[in-house]
$ cat coords.cif   # mmCIF, C-alpha atoms and all ligand atoms
data_data
loop_
_atom_site.label_atom_id
_atom_site.label_comp_id
_atom_site.auth_asym_id
_atom_site.auth_seq_id
_atom_site.Cartn_x
_atom_site.Cartn_y
_atom_site.Cartn_z
CA MET A 26 -77.78 107.74 248.34
CA GLY A 27 -76.85 107.37 251.98
CA GLU A 28 -76.28 110.06 254.55
CA ASP A 29 -72.75 108.92 255.22
CA ASN A 30 -71.68 109.91 251.70
CA ILE A 31 -69.36 112.89 251.59
CA ILE A 32 -69.17 112.92 247.78
CA GLU A 33 -72.09 112.00 245.56
CA VAL A 34 -71.79 111.99 241.80
CA GLN A 35 -74.83 111.18 239.69
CA ASP A 36 -74.86 110.81 235.90
CA LEU A 37 -71.95 113.18 235.40
CA GLU A 38 -71.16 114.03 231.79
CA HIS A 39 -68.61 116.42 230.34
CA THR A 40 -67.66 117.24 226.77
CA PHE A 41 -64.88 119.33 225.28
CA ASN A 42 -65.88 120.69 221.86
CA GLY A 43 -68.15 117.76 221.24
CA PHE A 44 -65.69 115.18 222.61
CA ALA A 45 -67.21 113.23 225.51
CA ALA A 46 -64.47 113.05 228.14
CA VAL A 47 -66.84 111.88 230.91
CA ARG A 48 -69.84 109.81 229.85
CA GLY A 49 -72.41 109.59 232.58
CA ILE A 50 -70.58 108.37 235.67
CA SER A 51 -72.11 107.82 239.12
CA PHE A 52 -70.28 107.02 242.32
CA ALA A 53 -70.17 107.92 245.99
CA VAL A 54 -67.40 108.38 248.51
CA LYS A 55 -68.19 107.64 252.14
CA LYS A 56 -67.21 109.93 254.95
CA GLY A 57 -63.80 109.03 256.33
CA GLU A 58 -62.64 106.75 253.57
CA ILE A 59 -59.70 106.82 251.21
CA PHE A 60 -61.14 106.56 247.73
CA SER A 61 -59.01 106.12 244.63
CA PHE A 62 -59.77 106.88 241.07
CA LEU A 63 -57.67 104.84 238.68
CA GLY A 64 -57.52 105.02 234.93
CA PRO A 65 -55.18 105.12 231.97
CA ASN A 66 -54.07 108.43 230.45
CA GLY A 67 -56.99 110.32 229.04
CA ALA A 68 -59.60 108.24 230.88
CA GLY A 69 -61.32 111.28 232.37
CA LYS A 70 -59.83 111.41 235.88
CA SER A 71 -58.65 115.01 235.78
CA THR A 72 -61.86 116.20 234.19
CA THR A 73 -63.84 114.55 236.99
CA ILE A 74 -61.64 115.80 239.81
CA ASN A 75 -61.71 119.30 238.31
CA ILE A 76 -65.51 119.31 238.34
CA LEU A 77 -65.61 117.98 241.91
CA THR A 78 -63.27 120.74 243.05
CA THR A 79 -65.23 123.43 241.10
CA LEU A 80 -62.29 124.19 238.81
CA LEU A 81 -64.40 123.16 235.82
CA PRO A 82 -68.06 124.17 235.58
CA LEU A 83 -70.62 121.39 235.78
CA GLN A 84 -72.26 120.67 232.43
CA LYS A 85 -74.54 117.73 233.13
CA GLY A 86 -75.40 115.58 236.12
CA THR A 87 -75.34 116.22 239.86
CA VAL A 88 -72.31 116.52 242.10
CA ARG A 89 -72.46 117.07 245.84
CA VAL A 90 -69.34 117.53 247.93
CA ALA A 91 -69.56 117.79 251.73
CA GLY A 92 -73.29 118.33 251.42
CA HIS A 93 -73.03 121.16 248.90
CA ASP A 94 -74.03 121.17 245.26
CA VAL A 95 -71.04 122.17 243.09
CA ALA A 96 -73.25 124.08 240.67
CA ARG A 97 -75.36 125.92 243.27
CA ALA A 98 -72.87 126.43 246.08
CA PRO A 99 -69.33 126.35 244.66
CA GLU A 100 -68.06 128.68 247.40
CA GLN A 101 -69.27 126.31 250.12
CA VAL A 102 -67.65 123.40 248.32
CA ARG A 103 -64.36 125.29 248.09
CA LYS A 104 -64.46 126.02 251.81
CA SER A 105 -64.84 122.31 252.57
CA ILE A 106 -62.00 120.97 250.48
CA GLY A 107 -58.24 120.95 250.24
CA ILE A 108 -56.51 120.44 246.93
CA VAL A 109 -53.07 119.07 246.18
CA PHE A 110 -52.64 119.00 242.42
CA GLN A 111 -49.60 118.54 240.24
CA GLU A 112 -50.05 122.05 238.90
CA ASN A 113 -50.23 123.70 242.33
CA VAL A 114 -46.74 125.05 242.11
CA LEU A 115 -45.04 126.56 245.09
CA ASP A 116 -43.80 130.12 244.95
CA ARG A 117 -40.07 129.64 244.54
CA ASP A 118 -39.16 132.80 246.40
CA LEU A 119 -41.13 132.11 249.55
CA THR A 120 -39.80 130.09 252.45
CA VAL A 121 -41.59 127.03 253.76
CA ARG A 122 -43.16 129.02 256.61
CA GLU A 123 -44.11 131.92 254.35
CA THR A 124 -45.79 129.51 251.94
CA MET A 125 -47.99 128.26 254.77
CA GLU A 126 -48.54 131.77 256.18
CA PHE A 127 -49.61 133.13 252.84
CA HIS A 128 -52.11 130.32 252.32
CA GLY A 129 -53.51 130.75 255.84
CA ARG A 130 -54.03 134.47 255.28
CA LEU A 131 -55.66 133.81 251.95
CA TYR A 132 -58.22 131.73 253.80
CA ALA A 133 -58.48 134.27 256.63
CA ILE A 134 -57.45 131.89 259.39
CA PRO A 135 -56.90 134.07 262.51
CA ARG A 136 -53.24 134.71 263.36
CA ASP A 137 -52.78 132.60 266.49
CA GLU A 138 -54.73 129.71 265.09
CA ARG A 139 -52.77 129.98 261.84
CA ARG A 140 -49.42 129.84 263.64
CA ARG A 141 -50.53 126.86 265.70
CA ARG A 142 -51.71 124.91 262.68
CA ILE A 143 -48.58 125.73 260.70
CA ASP A 144 -46.35 124.48 263.51
CA ASP A 145 -48.40 121.30 263.85
CA LEU A 146 -48.48 120.55 260.14
CA LEU A 147 -44.81 121.23 259.53
CA ARG A 148 -44.12 118.78 262.34
CA VAL A 149 -46.42 116.17 260.77
CA VAL A 150 -44.67 116.36 257.40
CA GLU A 151 -41.25 116.69 259.06
CA LEU A 152 -40.34 120.05 257.64
CA GLU A 153 -39.80 122.02 260.89
CA THR A 154 -36.08 122.19 260.30
CA LYS A 155 -36.70 123.57 256.81
CA ARG A 156 -39.16 126.26 257.84
CA ASP A 157 -36.89 129.12 256.80
CA GLU A 158 -35.66 127.46 253.64
CA LEU A 159 -36.77 128.83 250.27
CA THR A 160 -39.05 126.35 248.54
CA LYS A 161 -36.85 126.32 245.46
CA ASN A 162 -34.14 124.68 247.58
CA LEU A 163 -36.34 121.76 248.68
CA SER A 164 -36.12 118.26 247.22
CA GLY A 165 -39.03 116.93 245.15
CA GLY A 166 -40.34 114.91 248.11
CA MET A 167 -40.12 117.88 250.49
CA LYS A 168 -42.03 120.04 248.02
CA ARG A 169 -44.76 117.44 247.84
CA ARG A 170 -44.91 117.24 251.65
CA LEU A 171 -45.17 121.01 251.83
CA GLN A 172 -48.00 120.97 249.30
CA ILE A 173 -49.82 118.37 251.37
CA ALA A 174 -49.30 120.41 254.56
CA ARG A 175 -50.61 123.48 252.75
CA GLY A 176 -53.63 121.56 251.49
CA LEU A 177 -54.43 120.59 255.08
CA LEU A 178 -54.09 124.06 256.59
CA THR A 179 -57.76 124.85 256.17
CA ARG A 180 -58.76 121.59 257.91
CA PRO A 181 -60.70 120.37 254.90
CA THR A 182 -63.46 117.79 255.15
CA VAL A 183 -62.21 116.27 251.91
CA LEU A 184 -58.66 116.37 250.64
CA PHE A 185 -58.18 115.90 246.89
CA LEU A 186 -54.82 114.50 245.94
CA ASP A 187 -53.98 114.26 242.26
CA GLU A 188 -51.04 111.91 241.71
CA PRO A 189 -49.51 112.72 245.10
CA THR A 190 -46.37 110.64 244.67
CA GLN A 191 -45.73 111.05 240.96
CA GLY A 192 -42.03 110.93 240.21
CA LEU A 193 -40.90 110.38 243.80
CA ASP A 194 -38.51 107.68 244.96
CA PRO A 195 -39.90 104.60 246.78
CA GLN A 196 -38.93 105.76 250.29
CA THR A 197 -40.48 109.18 249.84
CA ARG A 198 -43.61 107.60 248.40
CA MET A 199 -43.95 105.43 251.49
CA ARG A 200 -43.55 108.47 253.74
CA ILE A 201 -46.24 110.31 251.81
CA TRP A 202 -48.50 107.27 252.19
CA GLU A 203 -47.90 107.47 255.93
CA TYR A 204 -48.94 111.13 255.98
CA ILE A 205 -52.01 110.37 253.92
CA ARG A 206 -53.00 107.61 256.36
CA GLN A 207 -52.33 109.89 259.31
CA VAL A 208 -54.45 112.66 257.83
CA ASN A 209 -57.19 110.19 257.04
CA GLY A 210 -56.95 108.74 260.56
CA ALA A 211 -57.65 112.22 261.91
CA GLY A 212 -60.96 112.22 260.04
CA THR A 213 -60.30 113.74 256.61
CA THR A 214 -61.83 111.93 253.65
CA ILE A 215 -59.28 111.42 250.89
CA PHE A 216 -60.01 111.45 247.17
CA LEU A 217 -56.97 110.25 245.30
CA THR A 218 -56.02 109.76 241.70
CA THR A 219 -52.96 107.71 240.96
CA HIS A 220 -51.09 105.89 238.25
CA TYR A 221 -49.52 103.57 240.78
CA MET A 222 -51.48 100.37 241.27
CA GLU A 223 -49.59 99.48 244.41
CA GLU A 224 -50.40 102.87 245.86
CA ALA A 225 -54.10 102.41 245.25
CA ASP A 226 -53.94 98.90 246.66
CA MET A 227 -52.08 99.90 249.82
CA LEU A 228 -54.03 103.03 250.63
CA SER A 229 -57.57 102.76 249.41
CA ASP A 230 -60.70 101.63 251.18
CA ARG A 231 -62.38 101.64 247.81
CA ILE A 232 -61.32 102.06 244.19
CA SER A 233 -63.13 102.94 240.98
CA ILE A 234 -61.48 102.25 237.65
CA ILE A 235 -62.41 104.69 234.90
CA ASP A 236 -61.70 104.25 231.20
CA HIS A 237 -62.96 106.14 228.16
CA GLY A 238 -65.05 108.36 230.42
CA GLU A 239 -66.92 105.51 232.10
CA ILE A 240 -66.54 103.70 235.39
CA ILE A 241 -65.80 100.09 234.57
CA VAL A 242 -65.67 98.61 238.04
CA SER A 243 -65.67 99.67 241.70
CA GLY A 244 -64.89 97.87 244.92
CA THR A 245 -62.42 97.37 247.74
CA PRO A 246 -58.93 96.33 246.61
CA GLU A 247 -59.68 92.84 247.93
CA GLU A 248 -62.97 92.60 246.06
CA LEU A 249 -61.39 93.72 242.82
CA LYS A 250 -58.56 91.24 243.13
CA ASN A 251 -60.93 88.44 244.11
CA THR A 252 -63.24 89.03 241.14
CA LEU A 253 -60.41 87.93 238.88
CA GLY A 254 -60.59 84.51 240.55
CA GLU A 255 -57.24 83.75 239.10
CA ASP A 256 -55.00 82.62 241.93
CA VAL A 257 -52.19 80.60 240.45
CA VAL A 258 -50.20 77.88 242.21
CA TYR A 259 -46.77 77.03 240.85
CA LEU A 260 -45.79 73.47 241.66
CA GLU A 261 -42.49 71.72 241.02
CA THR A 262 -42.57 67.97 241.49
CA GLY A 263 -40.52 64.82 240.86
CA ASP A 264 -42.95 63.80 238.10
CA ASP A 265 -45.08 66.55 236.60
CA ARG A 266 -47.02 64.22 234.29
CA LYS A 267 -48.20 62.00 237.14
CA ALA A 268 -48.79 65.01 239.38
CA ARG A 269 -51.09 66.44 236.75
CA GLU A 270 -53.17 63.27 236.77
CA ALA A 271 -53.29 63.26 240.56
CA LEU A 272 -54.72 66.80 240.53
CA GLY A 273 -57.60 65.74 238.28
CA GLY A 274 -60.01 65.21 241.17
CA ILE A 275 -59.84 68.72 242.65
CA GLY A 276 -62.93 70.64 241.53
CA GLU A 277 -61.55 74.13 242.22
CA ILE A 278 -58.76 73.68 239.68
CA ARG A 279 -59.56 75.35 236.39
CA SER A 280 -56.51 74.43 234.41
CA VAL A 281 -53.05 72.92 234.76
CA THR A 282 -50.34 73.92 232.31
CA LYS A 283 -46.58 73.57 232.15
CA SER A 284 -44.57 76.71 232.87
CA PRO A 285 -40.92 77.59 233.52
CA ARG A 286 -41.77 77.46 237.24
CA GLY A 287 -43.16 73.92 237.05
CA LEU A 288 -46.85 73.21 236.77
CA SER A 289 -49.01 76.31 236.67
CA ILE A 290 -52.35 75.58 238.34
CA THR A 291 -55.15 78.12 237.98
CA ILE A 292 -57.61 78.05 240.87
CA SER A 293 -61.18 79.30 240.71
CA THR A 294 -61.41 80.19 244.42
CA ASP A 295 -59.05 81.41 247.12
CA GLY A 296 -55.86 79.55 246.25
CA SER A 297 -54.61 79.40 249.83
CA ARG A 298 -57.55 77.15 250.74
CA CYS A 299 -56.69 74.83 247.88
CA LEU A 300 -53.02 74.39 248.80
CA PRO A 301 -53.54 71.56 251.34
CA GLN A 302 -55.65 69.60 248.83
CA ILE A 303 -52.99 69.96 246.16
CA VAL A 304 -50.25 68.84 248.54
CA ASP A 305 -52.33 65.86 249.73
CA ALA A 306 -53.23 64.76 246.20
CA VAL A 307 -49.64 64.90 244.95
CA HIS A 308 -48.15 63.28 248.06
CA GLY A 309 -50.94 60.69 248.04
CA ALA A 310 -49.83 59.63 244.56
CA GLY A 311 -46.32 59.12 245.88
CA ILE A 312 -44.81 62.10 244.07
CA ALA A 313 -42.23 64.38 245.67
CA ILE A 314 -42.93 68.12 245.86
CA ARG A 315 -39.86 70.29 245.26
CA SER A 316 -41.51 73.66 245.66
CA ILE A 317 -44.93 75.21 245.84
CA ASN A 318 -45.82 78.90 245.37
CA LEU A 319 -49.07 80.79 245.44
CA LYS A 320 -49.47 83.92 243.35
CA LYS A 321 -52.52 86.05 244.06
CA PRO A 322 -53.71 88.63 241.53
CA THR A 323 -52.24 92.10 241.99
CA MET A 324 -53.91 95.44 241.28
CA ASP A 325 -51.84 95.49 238.09
CA ASP A 326 -53.58 92.28 237.01
CA VAL A 327 -56.94 93.84 237.89
CA PHE A 328 -56.14 96.96 235.91
CA VAL A 329 -54.96 95.09 232.83
CA TYR A 330 -57.95 92.77 233.04
CA TYR A 331 -60.48 95.62 233.08
CA THR A 332 -58.82 98.16 230.80
CA GLY A 333 -57.02 95.75 228.52
CA ARG A 334 -53.78 97.66 228.76
CA GLU A 335 -51.02 98.67 231.06
CA LEU A 336 -51.50 101.92 232.91
CA ARG A 337 -48.42 103.50 231.42
CA ASP A 338 -49.46 102.69 227.90
CA THR A 339 -50.06 106.17 226.59
CA GLY A 340 -51.35 105.14 223.20
CA VAL A 341 -54.90 106.38 223.71
N1 LIG B 1 -59.53 121.37 227.90
C1 LIG B 1 -59.70 120.31 227.11
N2 LIG B 1 -60.04 120.47 225.83
C2 LIG B 1 -60.22 119.42 225.01
N3 LIG B 1 -60.10 118.12 225.40
C3 LIG B 1 -59.76 117.90 226.67
C4 LIG B 1 -59.55 118.96 227.60
N4 LIG B 1 -59.24 118.43 228.80
C5 LIG B 1 -59.24 117.10 228.61
N5 LIG B 1 -59.58 116.77 227.35
C6 LIG B 1 -59.70 115.40 226.81
O1 LIG B 1 -60.60 114.67 227.63
C7 LIG B 1 -60.14 113.34 227.85
C8 LIG B 1 -60.00 113.08 229.34
O2 LIG B 1 -58.94 113.87 229.85
P1 LIG B 1 -58.51 113.87 231.38
O3 LIG B 1 -57.45 114.90 231.53
O4 LIG B 1 -59.71 113.98 232.22
O5 LIG B 1 -57.89 112.41 231.51
P2 LIG B 1 -57.06 111.78 232.72
O6 LIG B 1 -57.71 110.50 233.03
O7 LIG B 1 -56.89 112.74 233.80
O8 LIG B 1 -55.66 111.49 232.03
P3 LIG B 1 -54.14 111.59 232.63
O9 LIG B 1 -53.94 110.36 233.42
O10 LIG B 1 -53.32 111.59 231.37
O11 LIG B 1 -54.04 112.86 233.39
C9 LIG B 1 -58.84 113.21 227.07
O12 LIG B 1 -59.13 112.60 225.83
C10 LIG B 1 -58.40 114.64 226.88
O13 LIG B 1 -57.67 114.78 225.68
#

$ encode --input "coords.cif" --output "structure tokens" --more "lines below"
Ligand SMILES: Nc1ncnc2c1ncn2[C@@H]1O[C@H](COP(=O)(O)OP(=O)(O)OP(=O)(O)O)[C@@H](O)[C@H]1O
Amino acid sequence: MGEDNIIEVQDLEHTFNGFAAVRGISFAVKKGEIFSFLGPNGAGKSTTINILTTLLPLQKGTVRVAGHDVARAPEQVRKSIGIVFQENVLDRDLTVRETMEFHGRLYAIPRDERRRRIDDLLRVVELETKRDELTKNLSGGMKRRLQIARGLLTRPTVLFLDEPTQGLDPQTRMRIWEYIRQVNGAGTTIFLTTHYMEEADMLSDRISIIDHGEIIVSGTPEELKNTLGEDVVYLETGDDRKAREALGGIGEIRSVTKSPRGLSITISTDGSRCLPQIVDAVHGAGIAIRSINLKKPTMDDVFVYYTGRELRDTGV
């Protein structure tokens, strides 16, 4: 694997009492990227992230994080990473500042440096005005922001975020995405797990989809969406039957069917390049076009295509 990889996972396997939760996965995360791990409930995401962060012992395979082997140098790995997990609860009886202070002392960051970083980070996540508030009085979104700020205090090379926006409202989610981008822009590699397809699509440089303990597909969001090759054009015309005939000569068209939104035309390549041909063919046959719409595959479509189920389907 290349030198620019900050995480390298080779043939990783993990079983719980004979049950294979992770079945020989290999993948790499490049320095500076935002990498997302997607999968339905029970796919093996948490098991993998727990091994990468040394919370679970390695059973089989090789895992290197920030140049350190998780089995041989777990301490070094821990020093290189920041973790923001669902279970990392905040101490309810500490204030925002105390929460950060406590974490900084735990990691032996010298006093002045600690204070400086805390001020900076609370500014980044917009919690300066809440610094003396008890964490139990913060909203769900503020708590999440505080957890992210805390995870960043040690200036980690890699930040692990497990479901960072779970249960938050759309505005707060977008703010968190902004922070994640900002943190990544400053050089931190991000390893993310999420249930939200849109989140993975918006944020990630690369995505791997895991199901039943195996990686099914990896790629950039664009690559994954393009592999479906299922752009659909919805066309409403003055005469759908004739329009259908007129479209017969376009090679990129896979199928034309009737739908509530007019003709539904499935395209085998980038649909936007096919639009002019469709318009020309239909107009050329003297048929009026009432409306034309292009629908590109979404990450939801990708997910359903590869896993055969919706992400929130918990029947595993
Ligand atoms: N400590 C454990 N003991 C026994 N089985 C476990 C244990 N932890 C996880 N498993 C099983 O391993 C499989 C993978 O679990 P894991 O938590 O890694 O999935 P996940 O992808 O993180 O799911 P979710 O999205 O629901 O968090 C599941 O079938 C789960 O029941």

$ residues_near_ligand --input "coords.cif" --ligand "ligand LIG 1 (chain B)" --cutoff "10 Å" --atoms "only C-alpha atoms and all ligand atoms" --output "ChimeraX atom specification"
/A:39-47,62-76,81,111,187-188,218-220,235-238,336-337,339,341

$ closest_residue --input "coords.cif" --among "A:Met199, A:Val54, A:Ile232, A:Leu178" --to "A:Asp29" --atoms "all atoms listed in the file"
A:Val54

$ residues_around --input "coords.cif" --residues "stretch 275-286 of chain A" --least-positions-apart "3" --cutoff "8 Å" --atoms "all atoms listed in the file" --output "PyMOL selection string"
chain A and resi 259-261+269+272+289-294+299+302-303

$ residues_around --input "coords.cif" --residues "stretch 163-177 of chain A" --least-positions-apart "2" --cutoff "9 Å" --atoms "only C-alpha atoms" --output "PyMOL selection string"
chain A and resi 106-110+113-115+121+124-125+128-129+143+146-147+149-152+155+158-161+179-181+184-186+189-190+192-194+197-198+201+204-205+208

$ closest_residue --input "coords.cif" --among "A:Asn30, A:Glu153, A:Glu270, A:Leu83" --to "A:Gly309" --atoms "all atoms listed in the file"
A:Glu270

$ residues_around --input "coords.cif" --residues "A:Ser105" --least-positions-apart "5" --cutoff "8 Å" --atoms "all atoms listed in the file" --output "ChimeraX atom specification"
/A:91,181-183

$ write_last_selection --input "coords.cif" --atoms "C-alpha atoms" --output "PDB file, in the frame of the given file"
ATOM      1  CA  ALA A  91     -69.560 117.790 251.730  1.00  0.00           C
ATOM      2  CA  PRO A 181     -60.700 120.370 254.900  1.00  0.00           C
ATOM      3  CA  THR A 182     -63.460 117.790 255.150  1.00  0.00           C
ATOM      4  CA  VAL A 183     -62.210 116.270 251.910  1.00  0.00           C
TER       5      VAL A 183
END

$ closest_residue --input "coords.cif" --among "A:Gly254, A:Gly296, A:Pro301, A:Gly287" --to "A:Tyr330" --atoms "all atoms listed in the file"
A:Gly254

$ closest_residue --input "coords.cif" --among "A:Met222, A:Val307, A:Ile317, A:Ile31" --to "A:Val90" --atoms "all atoms listed in the file"
A:Ile31

$ atom_distance --input "coords.cif" --atom1 "atom CA of A:Arg139" --atom2 "atom CA of A:Glu203"
23.8 Å

$ atom_distance --input "coords.cif" --atom1 "atom CA of A:Val88" --atom2 "atom CA of A:Thr245"
22.3 Å
